[in-house]
Amino acid sequence: MMDQLPALQVMLPMVAAPLIVIIRHPFWSWLIATLISVCACWVSWLMLQQVVDGSIIRYAIGGWEAPTGIEFYVDRANAGVALLVSGLSSVVLVYAYHSIKRTVDTSKHYLFYAGWLLCLTGLIGMVITGDAFNVFVFLEISSLSTYMLIAFGSDRQALVASFRYLVMGSVGASFILIGIGFLYAATGTLNMVDLAARIPDTESPRAVLVAFSFLTVGLMIKAAVFPLHGWLLNAYHHAPIAVTAFLAGTATKVSLYILVRMFFSIFGDEYSFGYLLLNWVLLPSAIAAFVTMSLVAIYQTDLRRMLAYSSVAQIGYILAGISLATQQGLTAAVVHMFNHGMVKATLFMAVGCVLYRAGHAHIPSLERMMSRMPFTTTAFILSGLGLIGVPLTVGFVSKFTLINALMEKGWWPAVVMILASSVMATAYIGRVVYLMLFREARESSASGEGYQEVPLLMLVPMYALLALGLYFGLFGSQTLGIASGAAESLLGGYQ
Amino acid sequence: MNPLWTLLPPLLVIPFIIGFGEARRNLREGSILVAGVVLFLMNVVLWRSTLAGVSQSSGELPILSNFSLQLVVEPMGVVFGLLASFLWVVTTVYSIGYMRGHDEKNQTRFYTCFAIAIAAVMAAAYAGNLLTLFVAYEVITLSTFPLVTHAGHAGAVRAGKIYIGILMSSSIALFLPAMIWVATQAGTLDFMAGGILHDTGISRFSLAVLMGLFVFGIGKAAVMPLHRWLPAAMVAPTPVSALLHAVAVVKTGVFSLLKIVTYTFGIDTVAASGAADWILPFTAFTVIVASVVAFTKDNLKARLAYSTISQLSYIVMAALLATTMSVSGGVMHIVMHAFGKITLFFCAGAILVGAHKDSVSQLDGLGKRMPLTMAAFAIGALGIIGLPPTGGTWSKLLIAGGSLDTGTWFYIGVLMLSTLLNIAYLLPIPLRAFFKPLPQAAQAQSDPYHDAAHAHLDDHEHSSDAPAACRYAIAVTATVTVLLFFFPGPLTDLVALIPWR
């Protein structure tokens, strides 16, 4: 059983998805999806326990050994990401029950939950697979199901958002496929460990260079790195809020993980950053992301859109850590993936609670939320502080590590820019909190109408995630320990 | 004793505050008094064992991989801890009178946030490293925000925005990178005698920039141009202005600077590198200009706020002069100014509750109606000016002596000029109250339909003086202000224990 964990991880949601389609009952499909997701989360936890000491699991699918067959490759770097993905999926699924009932027609629930499980399959598969082509396959599984999930959004704009994402996502996926093709042509293998070994002495370095470029751009589209982030805003805005919470915490993070895996493990940091000077591509786009996007976020009138812009900015932080290509910088990037995933998911869940009761997320109309929905507002404020990076929250842990890493490398302008964007984060979160706490209700809406708190099944998962965030804010050394192990594995390349 | 215990009373009392609530307010406030007294006694224990030379520290909480939260007792922290815990008790007594007399809303929230702020002040006082200090600093900012916006009206909310805006952005944009810079340079953030930066090979220019980041990043020290939040915060209820914006919050700012200069930079490093030379003019400017602005303010609390800004910069200046004598003077001035200023704020609140007046120009003749309050005001004013028989004399003398040690006459001149300005804006208030006649007669004439005799009687019933609880508190702080002149011994003994090198 313990040897089969990597396979279980992917098989569980994959097999459960068609099962849900057969059952077709809204409640049972939700329950199955949730239970399967929790099981997947438990499996990732067990897997992380096995590799946390630095050991590696190489699992040959169907008993076909690596060069011939496909293998799963699990180490410290990706076991944590798998745990993040499956954990967030479980928490958000519990939350989704009421939220989805409101936005999705009951007759289509089974499709929604089946799609969710397929998305989970794809994301986890991308993370733990050790085969480059397999990455593409799982990427397509997750992408296609994501398009469907986004299209479930309650307004018609969701269809447009989904279509835009489909176009951009397909471009990205094609680029990735082309990149993988070139790699195969240059090296004759698709196994990532073999790729890493054969790339340095390939006979056609130009093909490798082309592959590198296509892969980089393709993954940057999927990860919504700054100039290529256009699809994310509408997708996050119009998707059902539970989907947004799930995707915000996981989808872009998984793409970033693949990006990092590629830069450091397959091509090697010497090639990516020493020879190709990738940091001069990544760092400017990272800085542009967290400065401009934080600035734009201040002026948004819809809560979801504001958080979407903030997500692009936060991806910039992660990218800045990656572009350092040092142990410290990569640790900061990995730890920020976790921390931001938790914080953003909590924030979107809080927004979902507001949507559930108020029916809108128009920031200027969010007056007196503290007296109407005290628990939701408290959760929003606390995780908002985490986003800003106030001490004792997870945001502080990642920001401290990132700035420390930048200072060690002596990149002072980047430090200044991060601080500027932090101050802007204070502004956009502060503005919402200000309205929630102090804005007097206007005459029209004040007349006798007060929303109640949302159902317990929405509050509990939100608070569970919030509590986890607060815990890791206090005991940041634990996540930092795992992250620095992950960074070590990534920088060390494949053994 | 483990200094972590000092966080317990203010935190443990919160469930009691919320549990008793508005319905049983005597129990609620009683529980705060008990917690306050326990906290003060704990600080006394820490004080006794510090005098005995026992080193006391808490365990470590690793919130980052190489850096953890830790509390360590050292003499400077004991001074601040004793001060804050003692004044918490006194202020609670005062608030009982004030908040009830003034019929404030949401008193439970008020006392809860107040207790959180006190716990954070204790953490700041005993912070064993820069990280702990930073965390406590931010918790204080956040927990006092609801106190500033307590009244809930548009003015209070606008003030709250300025308050949190300036304090949060300065700490994130300047204080945070300064701290991380120290971590990068020295590899540690611990407070150590003689500092941690002297042999890290950091250049003089970097030291100067770093010092600037600290002085302006710690917005609570209110060095101009980062002072705007302090006058804005005066919309808070008077007990908040008194304890937080004359003692706990602002003193956390200057205390942090004193601690950073002494234990992170090391006074020798600061003096030798001249890192602070370019900032000293800012403090001198603040001392003078804030005094001048105070002079122009008619609102009593605004005048006191600007006086606080000026006095805080004395301490910052003392820290940056970086001689043993000036830094000792700075530490003592924290205490001396605290007692003087809290007395003045208590009096301002008492005048507001008792006589419903908040402007200097309305105080004519009030001395006959509120003799005790105005007498205490006079003592507090002397304390701020630094005249005998008040404790402020000693600290001002030490700061002046310290600036003499550095060989420049300029800062002595600044101190003397500011003292003259202090006299000019503070002493007229009690003089006015005692020697000018009540404007009662004039009022009666201008309003012929008003029954002057009845109004007078009415006034007397309602506002002969402040509530009893307020008067007790005022008496205590005014007395201590005087006692510190005659018996500064315990304080100087503690200050003498500060490990400079």
# chains A, B, ... in the order shown; residues from 1 in each chain; ligands from 1

call {"tool": "residues_around", "arguments": {"residues": "segment 65-71 of chain A", "least_positions_apart": "6", "cutoff": "8 Å", "atoms": "only C-alpha atoms", "output": "compact mmCIF listing (two decimals) with N, CA and C atoms, in the first residue's frame"}}
result
# COMPACT_ATOMS: atom_id res chain seq x y z
N ARG A 58 10.69 6.89 -6.73
CA ARG A 58 10.53 6.78 -8.19
C ARG A 58 9.60 5.63 -8.44
N TYR A 59 8.42 5.92 -8.99
CA TYR A 59 7.39 4.91 -9.13
C TYR A 59 7.16 4.65 -10.61
N THR A 129 4.55 13.89 -11.74
CA THR A 129 5.03 13.06 -12.83
C THR A 129 6.51 13.34 -13.09
N GLY A 130 7.19 12.32 -13.60
CA GLY A 130 8.61 12.46 -13.91
C GLY A 130 8.86 12.39 -15.39
N ASP A 131 7.79 12.63 -16.16
CA ASP A 131 7.90 12.46 -17.60
C ASP A 131 7.41 13.73 -18.28
N ASN A 134 4.15 13.52 -20.17
CA ASN A 134 3.08 13.31 -19.20
C ASN A 134 2.65 14.63 -18.56
N THR A 189 14.71 11.45 -25.46
CA THR A 189 14.05 10.91 -24.28
C THR A 189 13.00 11.89 -23.79
N ASN A 191 11.81 11.23 -20.41
CA ASN A 191 11.94 11.13 -18.96
C ASN A 191 12.76 12.31 -18.44
N ASP A 194 16.36 11.63 -17.32
CA ASP A 194 17.23 11.40 -18.47
C ASP A 194 17.50 12.69 -19.22

call {"tool": "interface_residues", "arguments": {"of": "chain B", "to": "chain A", "cutoff": "7 Å", "atoms": "only C-alpha atoms", "output": "mmCIF file with C-alpha atoms, in the first residue's frame"}}
result
data_model
loop_
_atom_site.group_PDB
_atom_site.id
_atom_site.type_symbol
_atom_site.label_atom_id
_atom_site.label_comp_id
_atom_site.auth_asym_id
_atom_site.auth_seq_id
_atom_site.Cartn_x
_atom_site.Cartn_y
_atom_site.Cartn_z
ATOM 1 C CA PRO B 62 11.037 30.216 15.928
ATOM 2 C CA ILE B 63 8.775 32.135 13.543
ATOM 3 C CA LEU B 64 11.547 32.208 10.935
ATOM 4 C CA SER B 65 14.231 29.637 10.268
ATOM 5 C CA VAL B 135 6.282 42.270 16.047
ATOM 6 C CA SER B 169 3.434 52.371 5.862
ATOM 7 C CA ILE B 172 6.656 48.394 6.414
ATOM 8 C CA ALA B 173 8.554 50.648 4.042
ATOM 9 C CA ILE B 180 16.202 42.644 7.479
ATOM 10 C CA TRP B 181 19.313 44.590 6.520
ATOM 11 C CA THR B 184 21.670 40.157 6.450
#

call {"tool": "atom_distance", "arguments": {"atom1": "atom CA of Val121 of chain B", "atom2": "atom CA of Ser418 of chain B"}}
result
29.1 Å

call {"tool": "residues_around", "arguments": {"residues": "Gly274 of chain A", "least_positions_apart": "5", "cutoff": "12 Å", "atoms": "only C-alpha atoms", "output": "PyMOL selection string"}}
result
chain A and resi 263-264+267-269+279-280+323-326

call {"tool": "write_last_selection", "arguments": {"atoms": "C-alpha atoms", "output": "compact mmCIF listing (two decimals), in the first residue's frame"}}
result
# COMPACT_ATOMS: atom_id res chain seq x y z
CA PHE A 263 14.81 25.81 -14.95
CA PHE A 264 16.68 24.19 -12.12
CA PHE A 267 18.12 22.55 -17.77
CA GLY A 268 20.11 23.32 -14.62
CA ASP A 269 20.58 26.74 -13.07
CA ASN A 279 16.94 36.56 -14.43
CA TRP A 280 16.97 39.54 -16.76
CA SER A 323 14.97 34.80 -10.49
CA LEU A 324 17.53 35.05 -7.68
CA ALA A 325 18.49 31.42 -8.35
CA THR A 326 19.94 31.10 -4.87

call {"tool": "select_by_dssp", "arguments": {"residues": "segment 72-172 of chain B", "states": "alpha helix (DSSP H)", "output": "ChimeraX atom specification"}}
result
/B:75-101,107-125,130-148,154-170

call {"tool": "atom_distance", "arguments": {"atom1": "atom CA of Val495 of chain B", "atom2": "atom CA of Ser328 of chain B"}}
result
6.2 Å

call {"tool": "residues_around", "arguments": {"residues": "Ala35 of chain B", "least_positions_apart": "6", "cutoff": "9 Å", "atoms": "only C-alpha atoms", "output": "PyMOL selection string"}}
result
chain B and resi 8-10+12-13+89

call {"tool": "residues_around", "arguments": {"residues": "segment 136-141 of chain B", "least_positions_apart": "3", "cutoff": "9 Å", "atoms": "only C-alpha atoms", "output": "PyMOL selection string"}}
result
(chain A and resi 390-391) or (chain B and resi 116-124+127+131-133+144-145+163-164+167-168+171+218+220+248-249+252-253+256)

call {"tool": "closest_atom_pairs", "arguments": {"of": "segment 95-154 of chain B", "to": "segment 230-245 of chain B", "cutoff": "10 Å", "atoms": "only C-alpha atoms", "output": "JSON lines"}}
result
{"residue": "B:Ser95", "atom": "CA", "partner": "B:Pro239", "partner_atom": "CA", "distance": 5.7}
{"residue": "B:Ile96", "atom": "CA", "partner": "B:Pro239", "partner_atom": "CA", "distance": 9.5}
{"residue": "B:Tyr98", "atom": "CA", "partner": "B:Pro239", "partner_atom": "CA", "distance": 7.6}
{"residue": "B:Met99", "atom": "CA", "partner": "B:Pro237", "partner_atom": "CA", "distance": 8.0}
{"residue": "B:His102", "atom": "CA", "partner": "B:Pro237", "partner_atom": "CA", "distance": 9.3}
{"residue": "B:Glu104", "atom": "CA", "partner": "B:Pro237", "partner_atom": "CA", "distance": 8.4}
{"residue": "B:Phe110", "atom": "CA", "partner": "B:Val240", "partner_atom": "CA", "distance": 9.1}
{"residue": "B:Phe114", "atom": "CA", "partner": "B:Val240", "partner_atom": "CA", "distance": 8.1}
{"residue": "B:Ala117", "atom": "CA", "partner": "B:Leu244", "partner_atom": "CA", "distance": 8.5}
{"residue": "B:Ile118", "atom": "CA", "partner": "B:Leu244", "partner_atom": "CA", "distance": 9.0}
{"residue": "B:Val121", "atom": "CA", "partner": "B:Leu244", "partner_atom": "CA", "distance": 9.8}
{"residue": "B:Ile140", "atom": "CA", "partner": "B:Leu244", "partner_atom": "CA", "distance": 9.5}
{"residue": "B:Thr144", "atom": "CA", "partner": "B:Leu244", "partner_atom": "CA", "distance": 8.0}
{"residue": "B:Phe145", "atom": "CA", "partner": "B:Ala233", "partner_atom": "CA", "distance": 9.1}
{"residue": "B:Pro146", "atom": "CA", "partner": "B:Ala236", "partner_atom": "CA", "distance": 9.2}
{"residue": "B:Leu147", "atom": "CA", "partner": "B:Ala236", "partner_atom": "CA", "distance": 6.2}
{"residue": "B:Val148", "atom": "CA", "partner": "B:Ala236", "partner_atom": "CA", "distance": 4.5}
{"residue": "B:Thr149", "atom": "CA", "partner": "B:Ala236", "partner_atom": "CA", "distance": 6.6}
{"residue": "B:His150", "atom": "CA", "partner": "B:Ala236", "partner_atom": "CA", "distance": 6.3}
{"residue": "B:Ala151", "atom": "CA", "partner": "B:Ala236", "partner_atom": "CA", "distance": 7.0}
{"residue": "B:Gly152", "atom": "CA", "partner": "B:Ala236", "partner_atom": "CA", "distance": 9.8}
{"residue": "B:His153", "atom": "CA", "partner": "B:Val235", "partner_atom": "CA", "distance": 9.9}

call {"tool": "select_by_dssp", "arguments": {"residues": "segment 122-318 of chain A", "states": "strand (DSSP E or B)", "output": "list of chain:residue names"}}
result
A:Thr129, A:Asp131, A:Asn191, A:Asp302

call {"tool": "closest_residue", "arguments": {"among": "A:Thr34, A:Gln300, A:Gln49, A:Thr187", "to": "Tyr428 of chain A", "atoms": "only C-alpha atoms"}}
result
A:Gln300

call {"tool": "residues_around", "arguments": {"residues": "Phe435 of chain B", "least_positions_apart": "3", "cutoff": "12 Å", "atoms": "only C-alpha atoms", "output": "list of chain:residue names"}}
result
B:Leu363, B:Asp364, B:Gly365, B:Leu366, B:Gly367, B:Lys368, B:Pro371, B:Met374, B:Pro428, B:Ile429, B:Pro430, B:Leu431, B:Arg432, B:Leu438

call {"tool": "residues_around", "arguments": {"residues": "segment 471-478 of chain B", "least_positions_apart": "5", "cutoff": "7 Å", "atoms": "only C-alpha atoms", "output": "MDAnalysis selection string"}}
result
chainID B and resid 90:91 93:94 339 343 346:347 376 379:380 466
